[in-house]
Amino acid sequence: MKKETTPYLLLLACFLLNVLNSLAQPVWQQSSPKYEIRAVWLTTIGGIDWPHFYYASSQQEELRTTLDKLKKAGINTVFLQTRVRATTIYPSVLEPWDGCMSGTPGKAPNYDPLQFAIDECHKRGMQLHAWVVTIPIGKWTKYGCTQLRKKQPKMVTKIGDEGYLNPERPETADYLARICREIVDYYDVDGIHLDYIRYPETWKLKVSKEQGRANITRIVRTIYKEVKSRKPWVMLSCSPIGKHDNLLRYSSNGWNARSRVHQDAQQWLKEGIMDALFPMMYFRDNNFFPFAIDWQEHAYGRLVVPGLGIYFLDPREGRWTLDVVERQMSVLRQLGMGHCFFRSKFLTDNTRGIYNLTCQMNTTPALIPPMKWQSAVVPDAPSHLYINNGESLSWQTDPQLVYNVYASANYPVDTDNPKNLVATRLQQGSFLIDGNRPLNYAVTAQDRYGQESRAVQLEQPLVATASQSLFDQRQLVIADRSVLLPVKPSTLDADYLLIQTLQGTTVRLIPYRGQKLNTVSLPEGVYQWRSLGNKGRNHRMGFFAIKHQH
């Protein structure tokens with residue numbers, strides 16, 4: 001069945017496909033947004049991304065180096081493969097250790113890799129999501145599969161030489177939910193990321209397609225309820241097949257999520273049992289852009305971030321050139337969708353220059369969009385913001401919150417401008433300032449849902465009020481008894497002017513008409529005036545100083 005699409009989708013798809021090759025804006029010319037998911041899949045199976053050593057100290061140093069590189073490239077979300085093939089990289093009571101950590105399946109390393117990875121990601125202001133491979137449980141004779149077969153023989157089925165959990169058995173949903181509950185209960189993960197939450201493509205379906213989709217949806221719904229009952233702020237996501245279904249004008253060529261493997265991912269968003277999708281869009285050109293738009297059109301207010309197959313940049317894997325991925329990243333940013341790379345090692349190895357390109361694109365940090373559908377409560381702003389010995393910014397913390405720091409030569413600092421965001425998700429209540437570069441600072445608090453508080457500015461700007469970074473003294477209007485109002489542009493929708501101190505305190509609200517402002521009653525000092533629009537928006541119009549003659 002071909003999927004109906006809106007006229008807007010068809011028009012937008014046609015437009016994009018006609019102009020992509022010539023008009024897509026280069027990534028280095030695009031502004032880096034304040035909110036954007038920038039993610040990677042970090043694979044542990046066989047140690048192909050990490051780890052490449054069996055010694056704890058070497059594994060830890062390797063992961064630190066990898067995370068440092070990812071942070072420098074602006075990555076803010078790491079999907080760490082946590083359940084591999086009925087095996088884990090943490091001490092589970094349900095399943096044995098994977099062999100990637102110690103070299104021997106079932107043997108524990110002398111530390112907890114998941115906890116270590118969480119701590120290291122959080123230190124860098126990055127989220128860590130536990131990547132759980134669901135239905136596949138590995139080769140039929142391998143350790144993880146054989147152990148699970150002994151415990152749950154009715155739940156396991158064999159296809160070829162591979163073992164799978166049977167999605168048609170009701171206990172499969174409960175078992176996978178127990179694994180996710182175990183992770184959520186014992187670890188401070190930011191998300192649970194489900195992989196291969198679908199029928200195997202080689203499965204001979206004996207029920208209807210509708211029933212097949214219902215079976216997979218039952219698993220998703222069970223996991224969602226289990227995770228959210230524990231920690232509702234933990235993001236539940238999955239990585240569906242990159243094409244949801246056939247489109248009216250573009251075929252999926254027999255490989256799609258809904259009809260081929262019974263993975264009704266868009267319905268999960270609509271029903272509200274999935275917070276985010278990271279579809280595996282390892283395609284190009286007409287097989288990529290129309291389907292990316294389709295995902296965006298059916299996000300239902302939640303998050304959809306296409307996964308990009310950067311492994312095709314490796315000559316051993318494919319024949320992609322860098323411009324293929326560059327064009328995808330460029331259009332996705334224009335669509336406001338973010339990006340997720342498969343896999344981490346191809347990024348950090350700078351395959352065909354993908355790391356350099358990503359650094360060029362992500363020039364400033366980005367916050368992960370808030371899950372407003374989970375919570376609309378805005379946290380309280382941080383308090384007691386001050387400069388400590390001229391070396392660090394300090395404030396009072398709440399252990400349930402993290403903090404974002406903004407810096408600018410202007411005062412007050414504009415926290416809506418992504419260029420001013422300098423640090424994200426700080427756990428501690430301090431931030432080292434750049435003593436060689438005088439800047440003003442503001443801090444916001446952020447809760448586990450991603451909701452951000454109002455900004456708290458320093459009471460006194462660090463940049464002197466007469467600094468030309470704020471305004472040019474030669475253009476500063478000096479007033480005694482009155483001052484001319486700034487000329488109102490004909491296009492400005494504003495009926496009032498706010499007169500504020502440089503610290504943002506409003507001292508006068510006046511109608512935006514007339515020629516002069518009487519300043520006799522205002523104390524000496526430097527002020528700013530801002531236009532106030534009908535919808536509450538305000539814009540700075542200029543500065544003036546009052547110096548009374550005695």
# chains A, B, ... in the order shown; residues from 1 in each chain; ligands from 1
>>> select_by_dssp(residues="segment 67-270 of chain A", states="strand (DSSP E or B)", output="VMD selection string")
chain A and resid 77 to 83 88 97 127 to 133 136 to 139 156 to 159 162 to 165 191 to 195 235 to 238 241 247
>>> write_last_selection(atoms="N, CA and C atoms", output="mmCIF file, in the first residue's frame")
data_model
loop_
_atom_site.group_PDB
_atom_site.id
_atom_site.type_symbol
_atom_site.label_atom_id
_atom_site.label_comp_id
_atom_site.auth_asym_id
_atom_site.auth_seq_id
_atom_site.Cartn_x
_atom_site.Cartn_y
_atom_site.Cartn_z
ATOM 1 N N THR A 77 25.148 13.502 21.979
ATOM 2 C CA THR A 77 24.423 12.286 22.352
ATOM 3 C C THR A 77 25.212 11.066 21.890
ATOM 4 N N VAL A 78 25.450 10.133 22.812
ATOM 5 C CA VAL A 78 26.178 8.908 22.491
ATOM 6 C C VAL A 78 25.267 7.715 22.760
ATOM 7 N N PHE A 79 25.038 6.902 21.725
ATOM 8 C CA PHE A 79 24.333 5.634 21.882
ATOM 9 C C PHE A 79 25.383 4.545 22.070
ATOM 10 N N LEU A 80 25.512 4.068 23.295
ATOM 11 C CA LEU A 80 26.511 3.054 23.613
ATOM 12 C C LEU A 80 25.848 1.679 23.608
ATOM 13 N N GLN A 81 26.361 0.788 22.776
ATOM 14 C CA GLN A 81 25.799 -0.558 22.678
ATOM 15 C C GLN A 81 25.992 -1.274 24.008
ATOM 16 N N THR A 82 24.887 -1.470 24.718
ATOM 17 C CA THR A 82 24.895 -1.937 26.100
ATOM 18 C C THR A 82 24.440 -3.385 26.208
ATOM 19 N N ARG A 83 23.351 -3.727 25.535
ATOM 20 C CA ARG A 83 22.988 -5.135 25.346
ATOM 21 C C ARG A 83 23.407 -5.502 23.924
ATOM 22 N N THR A 88 25.792 -8.449 27.839
ATOM 23 C CA THR A 88 25.799 -7.049 28.258
ATOM 24 C C THR A 88 27.221 -6.560 28.536
ATOM 25 N N TRP A 97 28.023 -11.446 30.676
ATOM 26 C CA TRP A 97 28.912 -10.446 30.098
ATOM 27 C C TRP A 97 29.215 -10.784 28.637
ATOM 28 N N GLN A 127 24.987 13.485 26.632
ATOM 29 C CA GLN A 127 24.059 12.470 27.106
ATOM 30 C C GLN A 127 24.560 11.088 26.701
ATOM 31 N N LEU A 128 24.259 10.093 27.538
ATOM 32 C CA LEU A 128 24.530 8.713 27.181
ATOM 33 C C LEU A 128 23.221 7.926 27.200
ATOM 34 N N HIS A 129 22.920 7.282 26.078
ATOM 35 C CA HIS A 129 21.738 6.445 25.956
ATOM 36 C C HIS A 129 22.192 4.990 25.823
ATOM 37 N N ALA A 130 21.582 4.127 26.607
ATOM 38 C CA ALA A 130 21.918 2.701 26.550
ATOM 39 C C ALA A 130 21.262 2.090 25.319
ATOM 40 N N TRP A 131 22.094 1.635 24.404
ATOM 41 C CA TRP A 131 21.650 1.026 23.146
ATOM 42 C C TRP A 131 21.410 -0.461 23.400
ATOM 43 N N VAL A 132 20.158 -0.861 23.259
ATOM 44 C CA VAL A 132 19.735 -2.229 23.569
ATOM 45 C C VAL A 132 19.322 -2.929 22.274
ATOM 46 N N VAL A 133 20.108 -3.912 21.850
ATOM 47 C CA VAL A 133 19.728 -4.743 20.704
ATOM 48 C C VAL A 133 18.663 -5.716 21.195
ATOM 49 N N PRO A 136 17.499 -9.843 17.953
ATOM 50 C CA PRO A 136 18.599 -10.785 17.667
ATOM 51 C C PRO A 136 19.369 -11.152 18.936
ATOM 52 N N ILE A 137 19.706 -12.438 19.069
ATOM 53 C CA ILE A 137 20.482 -12.869 20.245
ATOM 54 C C ILE A 137 21.735 -13.632 19.834
ATOM 55 N N GLY A 138 22.173 -13.441 18.583
ATOM 56 C CA GLY A 138 23.464 -13.965 18.163
ATOM 57 C C GLY A 138 23.404 -15.359 17.553
ATOM 58 N N LYS A 139 24.584 -15.860 17.219
ATOM 59 C CA LYS A 139 24.701 -17.199 16.634
ATOM 60 C C LYS A 139 24.108 -18.240 17.596
ATOM 61 N N VAL A 156 12.715 -18.400 22.357
ATOM 62 C CA VAL A 156 13.801 -18.298 21.380
ATOM 63 C C VAL A 156 13.462 -19.126 20.150
ATOM 64 N N THR A 157 13.790 -18.566 18.990
ATOM 65 C CA THR A 157 13.584 -19.295 17.734
ATOM 66 C C THR A 157 14.841 -19.208 16.887
ATOM 67 N N LYS A 158 14.996 -20.153 15.959
ATOM 68 C CA LYS A 158 16.195 -20.233 15.137
ATOM 69 C C LYS A 158 15.845 -19.980 13.676
ATOM 70 N N ILE A 159 16.642 -19.111 13.043
ATOM 71 C CA ILE A 159 16.541 -18.881 11.606
ATOM 72 C C ILE A 159 17.948 -19.025 11.046
ATOM 73 N N GLU A 162 21.215 -18.368 13.216
ATOM 74 C CA GLU A 162 21.041 -17.247 14.143
ATOM 75 C C GLU A 162 19.869 -17.506 15.076
ATOM 76 N N GLY A 163 19.988 -16.968 16.292
ATOM 77 C CA GLY A 163 18.911 -17.039 17.263
ATOM 78 C C GLY A 163 18.203 -15.701 17.404
ATOM 79 N N TYR A 164 16.893 -15.765 17.646
ATOM 80 C CA TYR A 164 16.087 -14.555 17.797
ATOM 81 C C TYR A 164 15.063 -14.757 18.901
ATOM 82 N N LEU A 165 14.737 -13.664 19.591
ATOM 83 C CA LEU A 165 13.569 -13.707 20.452
ATOM 84 C C LEU A 165 12.332 -13.707 19.557
ATOM 85 N N GLY A 191 18.824 7.875 28.271
ATOM 86 C CA GLY A 191 17.860 7.296 27.358
ATOM 87 C C GLY A 191 18.051 5.800 27.222
ATOM 88 N N ILE A 192 17.007 5.142 26.764
ATOM 89 C CA ILE A 192 17.050 3.749 26.333
ATOM 90 C C ILE A 192 16.799 3.765 24.824
ATOM 91 N N HIS A 193 17.728 3.178 24.084
ATOM 92 C CA HIS A 193 17.650 3.198 22.616
ATOM 93 C C HIS A 193 17.499 1.769 22.111
ATOM 94 N N LEU A 194 16.340 1.468 21.518
ATOM 95 C CA LEU A 194 16.022 0.118 21.071
ATOM 96 C C LEU A 194 16.463 -0.074 19.628
ATOM 97 N N ASP A 195 17.213 -1.133 19.399
ATOM 98 C CA ASP A 195 17.673 -1.480 18.052
ATOM 99 C C ASP A 195 17.041 -2.805 17.633
ATOM 100 N N MET A 235 14.666 9.241 27.954
ATOM 101 C CA MET A 235 14.145 9.257 26.589
ATOM 102 C C MET A 235 14.135 7.843 26.023
ATOM 103 N N LEU A 236 12.972 7.420 25.530
ATOM 104 C CA LEU A 236 12.890 6.136 24.839
ATOM 105 C C LEU A 236 12.907 6.395 23.337
ATOM 106 N N SER A 237 13.854 5.765 22.663
ATOM 107 C CA SER A 237 13.986 5.951 21.221
ATOM 108 C C SER A 237 14.267 4.615 20.566
ATOM 109 N N CYS A 238 14.236 4.604 19.239
ATOM 110 C CA CYS A 238 14.609 3.406 18.507
ATOM 111 C C CYS A 238 15.162 3.804 17.149
ATOM 112 N N ILE A 241 13.943 1.032 10.353
ATOM 113 C CA ILE A 241 14.405 1.026 8.972
ATOM 114 C C ILE A 241 14.223 2.428 8.400
ATOM 115 N N LEU A 247 6.111 5.814 -0.542
ATOM 116 C CA LEU A 247 5.465 7.106 -0.674
ATOM 117 C C LEU A 247 4.658 7.130 -1.965
#
>>> residues_around(residues="segment 262-278 of chain A", least_positions_apart="3", cutoff="8 Å", atoms="only C-alpha atoms", output="ChimeraX atom specification")
/A:197-199,209-210,212-213,216-217,220-221,224-225,235-240,244,257-259,295,298-300,302-307,340,371
>>> residues_around(residues="Glu171 of chain A", least_positions_apart="4", cutoff="12 Å", atoms="only C-alpha atoms", output="PyMOL selection string")
chain A and resi 152-156+165-167+175-178+215+218-219+222
>>> residues_around(residues="segment 35-50 of chain A", least_positions_apart="4", cutoff="8 Å", atoms="only C-alpha atoms", output="ChimeraX atom specification")
/A:59,62-63,74-82,84,99-100,305,336-345,366-369
